[in-house]
$ cat structure_15.txt   # compact mmCIF, N, CA and C atoms
# COMPACT_ATOMS: atom_id res chain seq x y z
N MET W 1 2.90 98.44 157.24
CA MET W 1 1.85 99.24 156.62
C MET W 1 2.09 99.25 155.11
N LYS W 2 1.03 99.28 154.35
CA LYS W 2 1.16 99.27 152.90
C LYS W 2 1.82 100.54 152.40
N ALA W 3 2.61 100.39 151.35
CA ALA W 3 3.39 101.52 150.84
C ALA W 3 2.50 102.65 150.34
N TRP W 4 1.39 102.32 149.68
CA TRP W 4 0.53 103.38 149.14
C TRP W 4 -0.13 104.18 150.25
N LEU W 5 -0.43 103.51 151.39
CA LEU W 5 -1.04 104.22 152.51
C LEU W 5 -0.04 105.18 153.16
N VAL W 6 1.20 104.72 153.33
CA VAL W 6 2.24 105.58 153.90
C VAL W 6 2.49 106.77 152.97
N TYR W 7 2.56 106.52 151.67
CA TYR W 7 2.81 107.59 150.71
C TYR W 7 1.65 108.60 150.71
N THR W 8 0.43 108.11 150.74
CA THR W 8 -0.74 108.99 150.75
C THR W 8 -0.77 109.84 152.02
N LEU W 9 -0.50 109.21 153.16
CA LEU W 9 -0.49 109.96 154.42
C LEU W 9 0.63 111.00 154.45
N ALA W 10 1.78 110.66 153.89
CA ALA W 10 2.88 111.62 153.83
C ALA W 10 2.52 112.81 152.96
N ARG W 11 1.91 112.56 151.83
CA ARG W 11 1.51 113.67 150.95
C ARG W 11 0.43 114.52 151.60
N LEU W 12 -0.52 113.90 152.26
CA LEU W 12 -1.55 114.67 152.96
C LEU W 12 -0.95 115.50 154.09
N GLY W 13 0.04 114.94 154.78
CA GLY W 13 0.71 115.69 155.84
C GLY W 13 1.44 116.90 155.30
N ILE W 14 2.12 116.73 154.17
CA ILE W 14 2.83 117.85 153.55
C ILE W 14 1.82 118.91 153.11
N PHE W 15 0.70 118.48 152.53
CA PHE W 15 -0.34 119.43 152.12
C PHE W 15 -0.90 120.18 153.33
N ALA W 16 -1.20 119.45 154.40
CA ALA W 16 -1.78 120.09 155.58
C ALA W 16 -0.81 121.09 156.21
N ALA W 17 0.47 120.74 156.26
CA ALA W 17 1.46 121.66 156.83
C ALA W 17 1.57 122.92 155.97
N ALA W 18 1.62 122.75 154.66
CA ALA W 18 1.70 123.91 153.78
C ALA W 18 0.44 124.75 153.86
N LEU W 19 -0.70 124.11 153.96
CA LEU W 19 -1.97 124.84 154.08
C LEU W 19 -2.00 125.65 155.37
N ALA W 20 -1.56 125.05 156.46
CA ALA W 20 -1.54 125.76 157.74
C ALA W 20 -0.62 126.97 157.68
N VAL W 21 0.56 126.82 157.09
CA VAL W 21 1.50 127.94 156.98
C VAL W 21 0.90 129.05 156.12
N LEU W 22 0.29 128.69 155.02
CA LEU W 22 -0.27 129.71 154.12
C LEU W 22 -1.48 130.41 154.74
N LEU W 23 -2.26 129.70 155.55
CA LEU W 23 -3.39 130.34 156.23
C LEU W 23 -2.91 131.28 157.34
N VAL W 24 -1.84 130.88 158.02
CA VAL W 24 -1.28 131.74 159.06
C VAL W 24 -0.71 133.02 158.45
N ILE W 25 -0.13 132.90 157.28
CA ILE W 25 0.41 134.08 156.59
C ILE W 25 -0.70 135.07 156.27
N GLY W 26 -1.91 134.58 156.04
CA GLY W 26 -3.03 135.47 155.80
C GLY W 26 -3.64 135.35 154.42
N LEU W 27 -3.32 134.31 153.67
CA LEU W 27 -3.94 134.11 152.36
C LEU W 27 -5.39 133.67 152.55
N ARG W 28 -6.23 133.99 151.57
CA ARG W 28 -7.60 133.49 151.59
C ARG W 28 -7.55 131.98 151.44
N TRP W 29 -8.60 131.32 151.93
CA TRP W 29 -8.57 129.86 151.99
C TRP W 29 -8.38 129.21 150.64
N TYR W 30 -9.00 129.75 149.57
CA TYR W 30 -8.89 129.11 148.26
C TYR W 30 -7.49 129.30 147.67
N TRP W 31 -6.87 130.47 147.88
CA TRP W 31 -5.49 130.65 147.42
C TRP W 31 -4.54 129.80 148.24
N ALA W 32 -4.82 129.68 149.53
CA ALA W 32 -3.99 128.85 150.39
C ALA W 32 -4.08 127.37 149.97
N ALA W 33 -5.28 126.92 149.61
CA ALA W 33 -5.46 125.53 149.18
C ALA W 33 -4.73 125.27 147.87
N ILE W 34 -4.82 126.21 146.93
CA ILE W 34 -4.13 126.04 145.65
C ILE W 34 -2.62 126.05 145.87
N GLY W 35 -2.14 127.00 146.67
CA GLY W 35 -0.71 127.07 146.97
C GLY W 35 -0.22 125.84 147.70
N ALA W 36 -1.01 125.34 148.65
CA ALA W 36 -0.63 124.15 149.41
C ALA W 36 -0.58 122.92 148.50
N ALA W 37 -1.48 122.85 147.55
CA ALA W 37 -1.46 121.72 146.61
C ALA W 37 -0.20 121.76 145.76
N LEU W 38 0.17 122.93 145.28
CA LEU W 38 1.38 123.04 144.47
C LEU W 38 2.63 122.78 145.31
N ILE W 39 2.68 123.34 146.50
CA ILE W 39 3.83 123.10 147.38
C ILE W 39 3.91 121.62 147.76
N GLY W 40 2.77 121.02 148.09
CA GLY W 40 2.75 119.60 148.43
C GLY W 40 3.22 118.73 147.28
N LEU W 41 2.83 119.08 146.06
CA LEU W 41 3.27 118.33 144.89
C LEU W 41 4.79 118.42 144.73
N LEU W 42 5.31 119.63 144.81
CA LEU W 42 6.75 119.82 144.62
C LEU W 42 7.57 119.17 145.73
N VAL W 43 7.16 119.37 146.96
CA VAL W 43 7.92 118.80 148.08
C VAL W 43 7.86 117.28 148.07
N SER W 44 6.69 116.71 147.80
CA SER W 44 6.59 115.25 147.79
C SER W 44 7.37 114.65 146.62
N TYR W 45 7.44 115.36 145.51
CA TYR W 45 8.21 114.86 144.36
C TYR W 45 9.70 114.81 144.71
N ILE W 46 10.17 115.82 145.43
CA ILE W 46 11.58 115.89 145.79
C ILE W 46 11.90 115.02 147.00
N ALA W 47 11.04 115.02 148.00
CA ALA W 47 11.36 114.39 149.28
C ALA W 47 10.93 112.93 149.41
N LEU W 48 10.06 112.45 148.53
CA LEU W 48 9.52 111.09 148.71
C LEU W 48 9.79 110.14 147.54
N PRO W 49 10.96 110.15 146.91
CA PRO W 49 11.16 109.23 145.78
C PRO W 49 11.20 107.77 146.21
N GLY W 50 11.70 107.49 147.42
CA GLY W 50 11.74 106.10 147.89
C GLY W 50 10.36 105.52 148.09
N LEU W 51 9.49 106.29 148.74
CA LEU W 51 8.11 105.81 148.94
C LEU W 51 7.39 105.65 147.60
N ARG W 52 7.61 106.61 146.70
CA ARG W 52 6.96 106.54 145.40
C ARG W 52 7.42 105.29 144.64
N GLY W 53 8.71 104.97 144.75
CA GLY W 53 9.23 103.76 144.10
C GLY W 53 8.63 102.49 144.67
N ARG W 54 8.46 102.46 146.00
CA ARG W 54 7.84 101.28 146.61
C ARG W 54 6.38 101.13 146.20
N VAL W 55 5.68 102.25 146.06
CA VAL W 55 4.27 102.20 145.63
C VAL W 55 4.18 101.66 144.21
N THR W 56 5.02 102.17 143.32
CA THR W 56 4.96 101.70 141.93
C THR W 56 5.36 100.24 141.81
N SER W 57 6.34 99.79 142.59
CA SER W 57 6.72 98.38 142.51
C SER W 57 5.62 97.48 143.08
N SER W 58 4.92 97.94 144.13
CA SER W 58 3.83 97.11 144.67
C SER W 58 2.66 97.04 143.70
N ILE W 59 2.39 98.14 142.99
CA ILE W 59 1.33 98.12 141.98
C ILE W 59 1.71 97.20 140.83
N ALA W 60 2.97 97.29 140.40
CA ALA W 60 3.42 96.45 139.29
C ALA W 60 3.39 94.97 139.66
N SER W 61 3.70 94.64 140.92
CA SER W 61 3.70 93.24 141.31
C SER W 61 2.29 92.67 141.40
N ARG W 62 1.29 93.53 141.66
CA ARG W 62 -0.09 93.05 141.73
C ARG W 62 -0.77 93.00 140.38
N ARG W 63 -0.16 93.62 139.39
CA ARG W 63 -0.77 93.67 138.07
C ARG W 63 -0.81 92.27 137.47
N ALA W 64 -1.93 91.93 136.88
CA ALA W 64 -2.11 90.58 136.32
C ALA W 64 -1.23 90.40 135.09
N ARG W 65 -0.58 89.28 135.03
CA ARG W 65 0.23 88.94 133.88
C ARG W 65 -0.68 88.27 132.84
N PRO W 66 -0.45 88.50 131.56
CA PRO W 66 -1.28 87.85 130.56
C PRO W 66 -1.06 86.34 130.58
N GLU W 67 -2.15 85.63 130.51
CA GLU W 67 -2.07 84.17 130.54
C GLU W 67 -1.98 83.63 129.12
N HIS W 68 -1.26 82.54 128.98
CA HIS W 68 -1.17 81.86 127.69
C HIS W 68 -2.07 80.64 127.75
N ASP W 69 -2.90 80.51 126.75
CA ASP W 69 -3.71 79.32 126.66
C ASP W 69 -3.44 78.65 125.32
N ALA W 70 -3.98 77.47 125.15
CA ALA W 70 -3.70 76.69 123.95
C ALA W 70 -4.19 77.41 122.70
N ASP W 71 -5.32 78.09 122.77
CA ASP W 71 -5.87 78.77 121.61
C ASP W 71 -4.97 79.93 121.18
N SER W 72 -4.52 80.72 122.14
CA SER W 72 -3.63 81.85 121.80
C SER W 72 -2.32 81.34 121.23
N ASP W 73 -1.77 80.29 121.83
CA ASP W 73 -0.52 79.73 121.32
C ASP W 73 -0.69 79.19 119.90
N PHE W 74 -1.85 78.55 119.63
CA PHE W 74 -2.11 78.03 118.29
C PHE W 74 -2.19 79.17 117.28
N GLU W 75 -2.93 80.22 117.63
CA GLU W 75 -3.06 81.36 116.72
C GLU W 75 -1.71 82.03 116.46
N ASP W 76 -0.93 82.20 117.52
CA ASP W 76 0.39 82.81 117.35
C ASP W 76 1.27 81.95 116.46
N GLY W 77 1.22 80.64 116.66
CA GLY W 77 2.01 79.73 115.82
C GLY W 77 1.54 79.76 114.38
N PHE W 78 0.24 79.84 114.17
CA PHE W 78 -0.31 79.88 112.82
C PHE W 78 0.15 81.13 112.08
N VAL W 79 0.09 82.27 112.75
CA VAL W 79 0.52 83.52 112.13
C VAL W 79 2.01 83.51 111.87
N ASP W 80 2.79 83.00 112.82
CA ASP W 80 4.24 82.92 112.63
C ASP W 80 4.58 81.98 111.47
N ALA W 81 3.87 80.88 111.36
CA ALA W 81 4.12 79.94 110.27
C ALA W 81 3.77 80.57 108.93
N ALA W 82 2.67 81.30 108.89
CA ALA W 82 2.29 81.96 107.65
C ALA W 82 3.32 83.00 107.25
N ASP W 83 3.85 83.72 108.20
CA ASP W 83 4.88 84.72 107.91
C ASP W 83 6.15 84.05 107.41
N SER W 84 6.55 82.94 108.06
CA SER W 84 7.78 82.27 107.62
C SER W 84 7.59 81.59 106.28
N ASP W 85 6.38 81.07 106.00
CA ASP W 85 6.11 80.47 104.69
C ASP W 85 6.20 81.53 103.60
N ALA W 86 5.67 82.70 103.87
CA ALA W 86 5.71 83.78 102.89
C ALA W 86 7.15 84.22 102.67
N ALA W 87 7.95 84.24 103.72
CA ALA W 87 9.35 84.64 103.58
C ALA W 87 10.12 83.59 102.80
N ASP W 88 9.85 82.29 103.04
CA ASP W 88 10.53 81.22 102.30
C ASP W 88 10.15 81.25 100.83
N THR W 89 8.88 81.48 100.54
CA THR W 89 8.43 81.55 99.16
C THR W 89 9.04 82.74 98.45
N ALA W 90 9.12 83.85 99.15
CA ALA W 90 9.71 85.05 98.57
C ALA W 90 11.19 84.86 98.30
N ALA W 91 11.88 84.16 99.19
CA ALA W 91 13.32 83.94 98.99
C ALA W 91 13.57 83.01 97.81
N ALA W 92 12.70 82.02 97.61
CA ALA W 92 12.88 81.08 96.52
C ALA W 92 12.58 81.72 95.17
N ASP W 93 11.68 82.69 95.15
CA ASP W 93 11.28 83.32 93.89
C ASP W 93 11.92 84.70 93.71
N THR W 94 13.10 84.89 94.23
CA THR W 94 13.73 86.21 94.18
C THR W 94 13.99 86.64 92.75
N ALA W 95 14.49 85.75 91.94
CA ALA W 95 14.82 86.11 90.56
C ALA W 95 13.55 86.47 89.78
N ALA W 96 12.51 85.71 89.95
CA ALA W 96 11.26 85.99 89.25
C ALA W 96 10.58 87.23 89.81
N ALA W 97 10.75 87.46 91.10
CA ALA W 97 10.08 88.60 91.73
C ALA W 97 10.70 89.92 91.33
N GLU W 98 11.96 89.91 90.88
CA GLU W 98 12.60 91.15 90.47
C GLU W 98 11.91 91.76 89.26
N HIS W 99 11.41 90.91 88.36
CA HIS W 99 10.79 91.39 87.14
C HIS W 99 9.27 91.51 87.26
N ALA W 100 8.70 90.87 88.27
CA ALA W 100 7.24 90.90 88.44
C ALA W 100 6.85 92.10 89.31
N ALA W 101 5.57 92.38 89.27
CA ALA W 101 5.04 93.47 90.10
C ALA W 101 5.14 93.06 91.56
N PRO W 102 5.32 93.99 92.47
CA PRO W 102 5.43 93.63 93.88
C PRO W 102 4.12 93.01 94.38
N ALA W 103 4.27 91.93 95.12
CA ALA W 103 3.10 91.22 95.65
C ALA W 103 2.55 91.97 96.85
N THR W 104 1.22 92.01 96.91
CA THR W 104 0.61 92.64 98.08
C THR W 104 0.59 91.63 99.21
N ARG W 105 0.90 92.09 100.36
CA ARG W 105 0.96 91.23 101.53
C ARG W 105 -0.34 91.35 102.31
N PRO W 106 -0.96 90.22 102.69
CA PRO W 106 -2.20 90.28 103.45
C PRO W 106 -2.00 91.00 104.78
N VAL W 107 -3.01 91.74 105.18
CA VAL W 107 -2.88 92.55 106.38
C VAL W 107 -3.43 91.84 107.61
N SER W 108 -4.61 91.28 107.52
CA SER W 108 -5.24 90.69 108.69
C SER W 108 -4.97 89.19 108.76
N ASP W 109 -5.23 88.61 109.92
CA ASP W 109 -5.07 87.17 110.08
C ASP W 109 -6.05 86.41 109.19
N ALA W 110 -7.25 86.93 109.04
CA ALA W 110 -8.24 86.26 108.18
C ALA W 110 -7.76 86.26 106.73
N GLU W 111 -7.18 87.39 106.30
CA GLU W 111 -6.67 87.46 104.94
C GLU W 111 -5.48 86.52 104.75
N ARG W 112 -4.61 86.44 105.74
CA ARG W 112 -3.49 85.50 105.67
C ARG W 112 -3.98 84.07 105.56
N HIS W 113 -5.01 83.74 106.36
CA HIS W 113 -5.56 82.39 106.33
C HIS W 113 -6.16 82.09 104.96
N ARG W 114 -6.89 83.06 104.38
CA ARG W 114 -7.51 82.86 103.08
C ARG W 114 -6.44 82.66 102.01
N VAL W 115 -5.40 83.49 102.01
CA VAL W 115 -4.34 83.37 101.01
C VAL W 115 -3.61 82.05 101.17
N ARG W 116 -3.32 81.65 102.41
CA ARG W 116 -2.62 80.38 102.63
C ARG W 116 -3.49 79.21 102.20
N HIS W 117 -4.80 79.29 102.48
CA HIS W 117 -5.71 78.22 102.10
C HIS W 117 -5.79 78.10 100.57
N GLU W 118 -5.85 79.23 99.89
CA GLU W 118 -5.88 79.21 98.42
C GLU W 118 -4.59 78.65 97.86
N ARG W 119 -3.46 79.01 98.47
CA ARG W 119 -2.18 78.52 97.99
C ARG W 119 -2.04 77.02 98.23
N ASP W 120 -2.58 76.50 99.36
CA ASP W 120 -2.51 75.07 99.65
C ASP W 120 -3.39 74.26 98.73
N GLU W 121 -4.51 74.85 98.24
CA GLU W 121 -5.40 74.13 97.34
C GLU W 121 -4.77 73.96 95.97
N ASP W 122 -3.92 74.91 95.57
CA ASP W 122 -3.29 74.83 94.22
C ASP W 122 -2.26 73.78 94.12
$ encode --input "structure_15.txt" --output "structure tokens"
Amino acid sequence: MKAWLVYTLARLGIFAAALAVLLVIGLRWYWAAIGAALIGLLVSYIALPGLRGRVTSSIASRRARPEHDADSDFEDGFVDAADSDAADTAAADTAAAEHAAPATRPVSDAERHRVRHERDED
């Protein structure tokens, strides 16, 4: 049986048992339902960590992994290359950069592309 179904049925069973006990005690139905929900939450948190772990691992295993395609890899490589080019240029001009005003660094990929394109044209 699937882990989430077993976990859900166990929690519903705990809720139903607590609700029955609270109704037998003589609480009104709405107070009994609120109390049963709180009791069910606390008891299931303490008593069902194994089931909860199996549910979370089954959800995590079904979660889609991000796919890599050629376009994403190209864009990532382009941004990484622009960052490393900027770092290499900054390292070479360290002495001159100490006396010059601090250079503004482009924020977006489009701005990085524009700055790199302008620098390549010079």
$ closest_residue --input "structure_15.txt" --among "W:Leu42, W:Ala36, W:Leu48, W:Gly26" --to "Tyr7 (chain W)" --atoms "only C-alpha atoms"
W:Leu48
$ atom_distance --input "structure_15.txt" --atom1 "CA of Ile59 (chain W)" --atom2 "CA of Leu5 (chain W)"
12.4 Å
$ atom_distance --input "structure_15.txt" --atom1 "atom C of Pro49 (chain W)" --atom2 "atom C of Ala37 (chain W)"
18.1 Å
$ atom_distance --input "structure_15.txt" --atom1 "atom N of Arg11 (chain W)" --atom2 "atom C of Ser57 (chain W)"
17.8 Å
$ closest_residue --input "structure_15.txt" --among "W:Arg28, W:Ser58, W:Trp4, W:Ile14" --to "Leu41 (chain W)" --atoms "only C-alpha atoms"
W:Ile14
$ axis_aligned_box --input "structure_15.txt" --around "region 58-61 of chain W" --padding-each-side "5 Å" --output "AutoDock Vina command-line options"
--center_x 3.1 --center_y 95.4 --center_z 142.0 --size_x 13.6 --size_y 15.5 --size_z 15.4
$ closest_residue --input "structure_15.txt" --among "W:Arg52, W:Met1, W:Ile39, W:Tyr30" --to "Ala18 (chain W)" --atoms "only N, CA and C atoms"
W:Ile39
$ closest_residue --input "structure_15.txt" --among "W:Val24, W:Glu111, W:Glu121, W:Ala3" --to "Thr56 (chain W)" --atoms "all atoms listed in the file"
W:Ala3
$ closest_residue --input "structure_15.txt" --among "W:Val55, W:Gly13, W:Leu19, W:Ile46" --to "Ala33 (chain W)" --atoms "only C-alpha atoms"
W:Leu19
$ closest_residue --input "structure_15.txt" --among "W:Ala20, W:Ala10, W:Leu27, W:Ala81" --to "Ser44 (chain W)" --atoms "all atoms listed in the file"
W:Ala10
